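Asks: I'm passing along target-v4.cif; it holds mmCIF, N, CA and C atoms, pLDDT in the B column; chains and numbers go by the auth columns.
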data_upload
#
loop_
_atom_site.group_PDB
_atom_site.id
_atom_site.type_symbol
_atom_site.label_atom_id
_atom_site.label_comp_id
_atom_site.label_asym_id
_atom_site.label_seq_id
_atom_site.Cartn_x
_atom_site.Cartn_y
_atom_site.Cartn_z
_atom_site.B_iso_or_equiv
_atom_site.auth_seq_id
_atom_site.auth_asym_id
ATOM 1 N N MET A 1 2.035 28.242 -17.823 79.00 1145 J
ATOM 2 C CA MET A 1 1.140 28.386 -18.940 79.00 1145 J
ATOM 3 C C MET A 1 1.683 29.427 -19.912 79.00 1145 J
ATOM 4 N N ARG A 2 2.254 30.489 -19.385 83.00 1146 J
ATOM 5 C CA ARG A 2 2.803 31.515 -20.270 83.00 1146 J
ATOM 6 C C ARG A 2 3.905 30.947 -21.153 83.00 1146 J
ATOM 7 N N ALA A 3 4.664 29.996 -20.627 88.00 1147 J
ATOM 8 C CA ALA A 3 5.758 29.412 -21.396 88.00 1147 J
ATOM 9 C C ALA A 3 5.255 28.397 -22.419 88.00 1147 J
ATOM 10 N N THR A 4 4.249 27.618 -22.052 88.00 1148 J
ATOM 11 C CA THR A 4 3.782 26.550 -22.938 88.00 1148 J
ATOM 12 C C THR A 4 2.718 27.004 -23.928 88.00 1148 J
ATOM 13 N N ASP A 5 1.909 27.979 -23.561 91.00 1149 J
ATOM 14 C CA ASP A 5 0.845 28.472 -24.444 91.00 1149 J
ATOM 15 C C ASP A 5 0.631 29.969 -24.201 91.00 1149 J
ATOM 16 N N PRO A 6 1.552 30.805 -24.696 93.00 1150 J
ATOM 17 C CA PRO A 6 1.445 32.240 -24.421 93.00 1150 J
ATOM 18 C C PRO A 6 0.173 32.874 -24.970 93.00 1150 J
ATOM 19 N N ASP A 7 -0.304 32.423 -26.133 94.00 1151 J
ATOM 20 C CA ASP A 7 -1.541 32.988 -26.690 94.00 1151 J
ATOM 21 C C ASP A 7 -2.744 32.623 -25.821 94.00 1151 J
ATOM 22 N N GLY A 8 -2.791 31.377 -25.360 92.00 1152 J
ATOM 23 C CA GLY A 8 -3.876 30.953 -24.468 92.00 1152 J
ATOM 24 C C GLY A 8 -3.849 31.714 -23.155 92.00 1152 J
ATOM 25 N N ALA A 9 -2.651 31.924 -22.615 93.00 1153 J
ATOM 26 C CA ALA A 9 -2.509 32.670 -21.359 93.00 1153 J
ATOM 27 C C ALA A 9 -3.011 34.100 -21.517 93.00 1153 J
ATOM 28 N N LYS A 10 -2.698 34.721 -22.650 95.00 1154 J
ATOM 29 C CA LYS A 10 -3.162 36.091 -22.896 95.00 1154 J
ATOM 30 C C LYS A 10 -4.680 36.146 -23.021 95.00 1154 J
ATOM 31 N N ARG A 11 -5.239 35.157 -23.722 94.00 1155 J
ATOM 32 C CA ARG A 11 -6.699 35.128 -23.890 94.00 1155 J
ATOM 33 C C ARG A 11 -7.402 34.937 -22.547 94.00 1155 J
ATOM 34 N N ILE A 12 -6.879 34.052 -21.717 95.00 1156 J
ATOM 35 C CA ILE A 12 -7.472 33.825 -20.398 95.00 1156 J
ATOM 36 C C ILE A 12 -7.349 35.077 -19.539 95.00 1156 J
ATOM 37 N N ALA A 13 -6.188 35.708 -19.534 95.00 1157 J
ATOM 38 C CA ALA A 13 -5.998 36.931 -18.741 95.00 1157 J
ATOM 39 C C ALA A 13 -6.967 38.020 -19.178 95.00 1157 J
ATOM 40 N N LYS A 14 -7.162 38.166 -20.479 96.00 1158 J
ATOM 41 C CA LYS A 14 -8.084 39.175 -20.998 96.00 1158 J
ATOM 42 C C LYS A 14 -9.519 38.862 -20.587 96.00 1158 J
ATOM 43 N N ALA A 15 -9.917 37.590 -20.690 96.00 1159 J
ATOM 44 C CA ALA A 15 -11.281 37.189 -20.308 96.00 1159 J
ATOM 45 C C ALA A 15 -11.512 37.384 -18.814 96.00 1159 J
ATOM 46 N N LEU A 16 -10.517 37.061 -18.002 96.00 1160 J
ATOM 47 C CA LEU A 16 -10.666 37.234 -16.557 96.00 1160 J
ATOM 48 C C LEU A 16 -10.749 38.717 -16.183 96.00 1160 J
ATOM 49 N N ALA A 17 -9.972 39.553 -16.836 96.00 1161 J
ATOM 50 C CA ALA A 17 -10.040 40.996 -16.578 96.00 1161 J
ATOM 51 C C ALA A 17 -11.407 41.550 -16.958 96.00 1161 J
ATOM 52 N N ALA A 18 -12.001 41.020 -18.031 96.00 1162 J
ATOM 53 C CA ALA A 18 -13.320 41.486 -18.474 96.00 1162 J
ATOM 54 C C ALA A 18 -14.425 41.124 -17.488 96.00 1162 J
ATOM 55 N N LEU A 19 -14.190 40.109 -16.646 96.00 1163 J
ATOM 56 C CA LEU A 19 -15.202 39.731 -15.652 96.00 1163 J
ATOM 57 C C LEU A 19 -15.462 40.859 -14.648 96.00 1163 J
ATOM 58 N N ALA A 20 -14.519 41.777 -14.514 94.00 1164 J
ATOM 59 C CA ALA A 20 -14.697 42.902 -13.585 94.00 1164 J
ATOM 60 C C ALA A 20 -15.862 43.791 -14.014 94.00 1164 J
ATOM 61 N N THR A 21 -16.087 43.902 -15.319 94.00 1165 J
ATOM 62 C CA THR A 21 -17.188 44.745 -15.805 94.00 1165 J
ATOM 63 C C THR A 21 -18.424 43.936 -16.192 94.00 1165 J
ATOM 64 N N ASP A 22 -18.226 42.661 -16.563 95.00 1166 J
ATOM 65 C CA ASP A 22 -19.346 41.795 -16.933 95.00 1166 J
ATOM 66 C C ASP A 22 -19.092 40.402 -16.371 95.00 1166 J
ATOM 67 N N PRO A 23 -19.518 40.152 -15.128 96.00 1167 J
ATOM 68 C CA PRO A 23 -19.224 38.864 -14.491 96.00 1167 J
ATOM 69 C C PRO A 23 -20.032 37.684 -15.045 96.00 1167 J
ATOM 70 N N ARG A 24 -20.990 37.957 -15.898 95.00 1168 J
ATOM 71 C CA ARG A 24 -21.821 36.882 -16.467 95.00 1168 J
ATOM 72 C C ARG A 24 -21.879 37.013 -17.994 95.00 1168 J
ATOM 73 N N PRO A 25 -20.727 36.882 -18.665 95.00 1169 J
ATOM 74 C CA PRO A 25 -20.725 37.041 -20.124 95.00 1169 J
ATOM 75 C C PRO A 25 -21.473 35.902 -20.815 95.00 1169 J
ATOM 76 N N ALA A 26 -21.841 36.137 -22.053 94.00 1170 J
ATOM 77 C CA ALA A 26 -22.608 35.149 -22.819 94.00 1170 J
ATOM 78 C C ALA A 26 -21.870 33.829 -22.961 94.00 1170 J
ATOM 79 N N GLU A 27 -20.543 33.848 -22.976 91.00 1171 J
ATOM 80 C CA GLU A 27 -19.800 32.602 -23.127 91.00 1171 J
ATOM 81 C C GLU A 27 -19.612 31.835 -21.823 91.00 1171 J
ATOM 82 N N SER A 28 -20.284 32.265 -20.763 96.00 1172 J
ATOM 83 C CA SER A 28 -20.235 31.537 -19.494 96.00 1172 J
ATOM 84 C C SER A 28 -21.594 30.903 -19.213 96.00 1172 J
ATOM 85 N N ASN A 29 -21.574 29.878 -18.374 96.00 1173 J
ATOM 86 C CA ASN A 29 -22.801 29.174 -17.996 96.00 1173 J
ATOM 87 C C ASN A 29 -22.907 29.081 -16.486 96.00 1173 J
ATOM 88 N N ALA A 30 -24.119 29.260 -15.977 96.00 1174 J
ATOM 89 C CA ALA A 30 -24.363 29.071 -14.547 96.00 1174 J
ATOM 90 C C ALA A 30 -24.332 27.583 -14.245 96.00 1174 J
ATOM 91 N N LEU A 31 -23.833 27.232 -13.082 96.00 1175 J
ATOM 92 C CA LEU A 31 -23.812 25.837 -12.652 96.00 1175 J
ATOM 93 C C LEU A 31 -24.951 25.613 -11.664 96.00 1175 J
ATOM 94 N N GLY A 32 -26.044 25.133 -12.183 93.00 1176 J
ATOM 95 C CA GLY A 32 -27.219 24.898 -11.349 93.00 1176 J
ATOM 96 C C GLY A 32 -27.728 26.182 -10.739 93.00 1176 J
ATOM 97 N N GLY A 33 -28.230 26.098 -9.534 92.00 1177 J
ATOM 98 C CA GLY A 33 -28.745 27.267 -8.832 92.00 1177 J
ATOM 99 C C GLY A 33 -27.707 27.890 -7.916 92.00 1177 J
ATOM 100 N N THR A 34 -26.430 27.691 -8.220 95.00 1178 J
ATOM 101 C CA THR A 34 -25.359 28.193 -7.364 95.00 1178 J
ATOM 102 C C THR A 34 -24.836 29.536 -7.877 95.00 1178 J
ATOM 103 N N SER A 35 -23.883 30.085 -7.185 96.00 1179 J
ATOM 104 C CA SER A 35 -23.234 31.324 -7.620 96.00 1179 J
ATOM 105 C C SER A 35 -22.010 31.029 -8.490 96.00 1179 J
ATOM 106 N N TYR A 36 -21.786 29.759 -8.792 97.00 1180 J
ATOM 107 C CA TYR A 36 -20.641 29.356 -9.609 97.00 1180 J
ATOM 108 C C TYR A 36 -20.978 29.403 -11.093 97.00 1180 J
ATOM 109 N N ARG A 37 -19.960 29.716 -11.884 97.00 1181 J
ATOM 110 C CA ARG A 37 -20.117 29.773 -13.341 97.00 1181 J
ATOM 111 C C ARG A 37 -18.915 29.108 -13.996 97.00 1181 J
ATOM 112 N N ARG A 38 -19.126 28.636 -15.214 97.00 1182 J
ATOM 113 C CA ARG A 38 -18.053 28.033 -16.003 97.00 1182 J
ATOM 114 C C ARG A 38 -17.956 28.779 -17.322 97.00 1182 J
ATOM 115 N N MET A 39 -16.735 29.055 -17.718 97.00 1183 J
ATOM 116 C CA MET A 39 -16.502 29.736 -18.980 97.00 1183 J
ATOM 117 C C MET A 39 -15.551 28.875 -19.814 97.00 1183 J
ATOM 118 N N ARG A 40 -15.915 28.676 -21.068 93.00 1184 J
ATOM 119 C CA ARG A 40 -15.080 27.900 -21.984 93.00 1184 J
ATOM 120 C C ARG A 40 -14.297 28.853 -22.866 93.00 1184 J
ATOM 121 N N LEU A 41 -12.994 28.642 -22.902 92.00 1185 J
ATOM 122 C CA LEU A 41 -12.092 29.457 -23.717 92.00 1185 J
ATOM 123 C C LEU A 41 -11.194 28.510 -24.504 92.00 1185 J
ATOM 124 N N ASP A 42 -11.609 28.181 -25.702 88.00 1186 J
ATOM 125 C CA ASP A 42 -10.884 27.221 -26.537 88.00 1186 J
ATOM 126 C C ASP A 42 -10.651 25.921 -25.772 88.00 1186 J
ATOM 127 N N ARG A 43 -9.385 25.602 -25.500 91.00 1187 J
ATOM 128 C CA ARG A 43 -9.050 24.347 -24.813 91.00 1187 J
ATOM 129 C C ARG A 43 -9.119 24.463 -23.300 91.00 1187 J
ATOM 130 N N TYR A 44 -9.445 25.622 -22.797 95.00 1188 J
ATOM 131 C CA TYR A 44 -9.410 25.870 -21.354 95.00 1188 J
ATOM 132 C C TYR A 44 -10.807 26.065 -20.781 95.00 1188 J
ATOM 133 N N ARG A 45 -10.945 25.739 -19.504 96.00 1189 J
ATOM 134 C CA ARG A 45 -12.184 25.966 -18.766 96.00 1189 J
ATOM 135 C C ARG A 45 -11.841 26.751 -17.515 96.00 1189 J
ATOM 136 N N VAL A 46 -12.688 27.723 -17.218 97.00 1190 J
ATOM 137 C CA VAL A 46 -12.499 28.553 -16.023 97.00 1190 J
ATOM 138 C C VAL A 46 -13.724 28.368 -15.141 97.00 1190 J
ATOM 139 N N LEU A 47 -13.504 28.027 -13.898 97.00 1191 J
ATOM 140 C CA LEU A 47 -14.571 27.924 -12.906 97.00 1191 J
ATOM 141 C C LEU A 47 -14.424 29.117 -11.978 97.00 1191 J
ATOM 142 N N TYR A 48 -15.512 29.866 -11.818 97.00 1192 J
ATOM 143 C CA TYR A 48 -15.445 31.034 -10.944 97.00 1192 J
ATOM 144 C C TYR A 48 -16.779 31.245 -10.245 97.00 1192 J
ATOM 145 N N GLU A 49 -16.740 32.094 -9.221 97.00 1193 J
ATOM 146 C CA GLU A 49 -17.922 32.391 -8.418 97.00 1193 J
ATOM 147 C C GLU A 49 -18.187 33.886 -8.454 97.00 1193 J
ATOM 148 N N VAL A 50 -19.454 34.255 -8.574 96.00 1194 J
ATOM 149 C CA VAL A 50 -19.866 35.654 -8.524 96.00 1194 J
ATOM 150 C C VAL A 50 -20.720 35.814 -7.266 96.00 1194 J
ATOM 151 N N ALA A 51 -20.243 36.620 -6.329 92.00 1195 J
ATOM 152 C CA ALA A 51 -20.982 36.822 -5.085 92.00 1195 J
ATOM 153 C C ALA A 51 -20.647 38.196 -4.505 92.00 1195 J
ATOM 154 N N ASP A 52 -21.672 38.913 -4.117 88.00 1196 J
ATOM 155 C CA ASP A 52 -21.497 40.202 -3.436 88.00 1196 J
ATOM 156 C C ASP A 52 -20.538 41.139 -4.182 88.00 1196 J
ATOM 157 N N GLU A 53 -20.793 41.359 -5.470 85.00 1197 J
ATOM 158 C CA GLU A 53 -19.982 42.275 -6.276 85.00 1197 J
ATOM 159 C C GLU A 53 -18.519 41.838 -6.372 85.00 1197 J
ATOM 160 N N MET A 54 -18.260 40.542 -6.182 94.00 1198 J
ATOM 161 C CA MET A 54 -16.907 40.028 -6.236 94.00 1198 J
ATOM 162 C C MET A 54 -16.877 38.811 -7.161 94.00 1198 J
ATOM 163 N N VAL A 55 -15.807 38.691 -7.921 96.00 1199 J
ATOM 164 C CA VAL A 55 -15.586 37.515 -8.760 96.00 1199 J
ATOM 165 C C VAL A 55 -14.367 36.796 -8.206 96.00 1199 J
ATOM 166 N N ARG A 56 -14.542 35.518 -7.888 96.00 1200 J
ATOM 167 C CA ARG A 56 -13.431 34.718 -7.355 96.00 1200 J
ATOM 168 C C ARG A 56 -13.175 33.560 -8.305 96.00 1200 J
ATOM 169 N N VAL A 57 -12.001 33.543 -8.914 96.00 1201 J
ATOM 170 C CA VAL A 57 -11.632 32.462 -9.830 96.00 1201 J
ATOM 171 C C VAL A 57 -11.183 31.275 -8.990 96.00 1201 J
ATOM 172 N N MET A 58 -11.826 30.145 -9.239 95.00 1202 J
ATOM 173 C CA MET A 58 -11.539 28.942 -8.475 95.00 1202 J
ATOM 174 C C MET A 58 -10.532 28.035 -9.176 95.00 1202 J
ATOM 175 N N HIS A 59 -10.658 27.950 -10.513 95.00 1203 J
ATOM 176 C CA HIS A 59 -9.810 27.003 -11.234 95.00 1203 J
ATOM 177 C C HIS A 59 -9.734 27.383 -12.711 95.00 1203 J
ATOM 178 N N VAL A 60 -8.552 27.234 -13.275 95.00 1204 J
ATOM 179 C CA VAL A 60 -8.338 27.349 -14.716 95.00 1204 J
ATOM 180 C C VAL A 60 -7.690 26.044 -15.130 95.00 1204 J
ATOM 181 N N GLY A 61 -8.336 25.323 -16.046 94.00 1205 J
ATOM 182 C CA GLY A 61 -7.802 24.023 -16.427 94.00 1205 J
ATOM 183 C C GLY A 61 -7.813 23.792 -17.927 94.00 1205 J
ATOM 184 N N LEU A 62 -6.952 22.918 -18.346 91.00 1206 J
ATOM 185 C CA LEU A 62 -6.829 22.527 -19.741 91.00 1206 J
ATOM 186 C C LEU A 62 -7.658 21.274 -19.959 91.00 1206 J
ATOM 187 N N VAL A 63 -8.470 21.280 -20.994 90.00 1207 J
ATOM 188 C CA VAL A 63 -9.259 20.109 -21.334 90.00 1207 J
ATOM 189 C C VAL A 63 -8.385 19.192 -22.183 90.00 1207 J
ATOM 190 N N VAL A 64 -8.198 17.983 -21.713 85.00 1208 J
ATOM 191 C CA VAL A 64 -7.390 17.009 -22.431 85.00 1208 J
ATOM 192 C C VAL A 64 -8.340 16.092 -23.194 85.00 1208 J
ATOM 193 N N GLU A 65 -8.187 16.086 -24.500 78.00 1209 J
ATOM 194 C CA GLU A 65 -9.056 15.234 -25.320 78.00 1209 J
ATOM 195 C C GLU A 65 -8.354 13.916 -25.560 78.00 1209 J
ATOM 196 N N HIS A 66 -9.109 12.856 -25.539 71.00 1210 J
ATOM 197 C CA HIS A 66 -8.535 11.511 -25.727 71.00 1210 J
ATOM 198 C C HIS A 66 -8.664 11.093 -27.160 71.00 1210 J
#
Spell out the structure here as structure tokens.

Replies:
Amino acid sequence: MRATDPDGAKRIAKALAALATDPRPAESNALGGTSYRRMRLDRYRVLYEVADEMVRVMHVGLVVEH
């Protein structure tokens, strides 16, 4: 990702680092009644879990538009 989209990689890294202080930012959405959240960052989506003072990133993916 750093090679193909360095600006996107930097934005994602910055957003993920910010989760340490604010694990539920306004640009994220809860997924149902679970501890999982989704955050949209331009063309990318991040799926992560907030549990017991810990944030675990599950997936970072590129949205492919048809």

Asks: Written as a count of residues only, which residues does the PyMOL selection byres ((chain J and resi 1174-1188) around 7) give for the file shown?

Replies: 15

Asks: Which value, in Å to one decimal, gives the distance between atom CA of Ala1159 of chain J and atom C of Arg1200 of chain J?

Replies: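 That distance, rounded to one decimal, is 12.7 Å.
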
Asks: Would you compute the distance between atom CA of Met1145 of chain J and atom CA of Glu1197 of chain J? Give it in Å to one decimal.

Replies: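 Computing it gives 28.3 Å between the two atoms.
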
Asks: Could you tell me how far atom N of Lys1154 of chain J sits from atom N of Asp1166 of chain J, in Å to one decimal place?

Replies: 18.5 Å

Asks: As a PyMOL selection string, please: every residue in chain J that a backbone DSSP assignment puts in strand (DSSP E).

Replies: chain J and resi 1172-1174+1180-1185+1188-1195+1198-1206

Asks: If you run DSSP on the backbone, which residues of segment 1153-1192 of chain J are alpha helix (DSSP H), as a list in words?

Replies: Ala1153, Lys1154, Arg1155, Ile1156, Ala1157, Lys1158, Ala1159, Leu1160, Ala1161 and Ala1162 of chain J
